[in-house]
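Chemist: Structure below; questions to follow.
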Amino acid sequence: MNKPIRKAVRTYLIEENNIVAIKYKKQEAKDFYDIPGGKIEENELSFETSIREFKEETGMDIISQTYKGRVIVECPNRIFDFDIYIVEKYKGEPKEFKENSSEWINIEELLAKSKIFSSVAVIQFLNQDNNINLKMDMDNNDKIIKIEKINFD
């Protein structure tokens with residue numbers, strides 16, 4: 001079976017032991033935490049998606065960011081192919097929206113939450129290498145079954 005592939009981004013803003021995360025309000029993902037990001041639109045470069053989605057989901061402006069690699073997340077019925085960015089400079093503070101809230105949260109506290117999407121687990125790998133290249137296998141309940149480092153050559 002060929003699974004649909006969704007090209008998207010996740011953008012990490014970390015200061016000391018805190019990160020900007022979003023918490024969904026809509027039904028199917030209600031109360032799940034995630035990292036700001038979203039689908040790369042047609043004719044849009046991934047770094048542009050990162051800036052646009054970060055603004056839409058947090059209300060904050062990215063002044064500069066760095067590309068950090070790729071994470072493939074394979075779910076039972078689809079595959080997400082994420083470009084990963086780290087914010088270096090920004091303007092503004094996290095805001096509340098109709099579909100999600102955004103907030104600064106302690107990284108350890110976030111990782112300990114029961115309702116987190118796979119992009120939150122990526123935090124643990126961000127400081128290990130210059131670039132992050134991972135593949136995650138997920139079960140039907142959005143739980144990580146396996147994480148492995150891979151090369152995208």
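Residue names in the structure tokens use chain letters A, B, ... in the order shown, residue numbers from 1 in each chain, and ligand numbers from 1 in the order shown.
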Set the distance at 7 Å and use only C-alpha atoms: which residues neighbour Lys89 in chain A once local chain neighbours fewer than 5 positions away are removed? I'd like the list as a list in words.
Modeler: Ile62, Ile63, Ser64 and Gln65 of chain A
Chemist: Rank nothing, just name the residue among A:Ile145, A:Val9, A:Ala112, A:Ile22 nearest to Val71 in chain A, using only C-alpha atoms.
Modeler: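 The answer is A:Val9, which sits nearest to Val71 in chain A.
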Chemist: Set the distance at 10 Å and use only C-alpha atoms: which residues neighbour range 77-87 of chain A once local chain neighbours fewer than 4 positions away are removed? I'd like the list as a ChimeraX atom specification.
Modeler: /A:1-15,37-40,46-47,49-51,54,61-73,119,122,126,131-140
Chemist: Can you tell me which residues surround Asn106 in chain A at a distance of at most 8 Å, considering only C-alpha atoms, apart from same-chain residues fewer than 5 positions away, and format the answer as a CSV table (one decimal) with N, CA and C atoms, in the first residue's frame?
Modeler:
chain,number,residue,atom,x,y,z
A,17,ASN,N,15.8,26.3,29.2
A,17,ASN,CA,15.1,25.0,29.3
A,17,ASN,C,13.6,25.1,28.8
A,18,ASN,N,13.3,26.1,28.1
A,18,ASN,CA,11.9,26.4,27.7
A,18,ASN,C,11.8,26.4,26.2
A,19,ILE,N,10.6,26.0,25.7
A,19,ILE,CA,10.3,26.0,24.3
A,19,ILE,C,8.9,26.5,24.0
Chemist: Just want the 9 Å neighbourhood of Gly92 in chain A, counted on only C-alpha atoms, with same-chain residues fewer than 6 positions away dropped. Output as an NGL selection string.
Modeler: :A and (58-61)
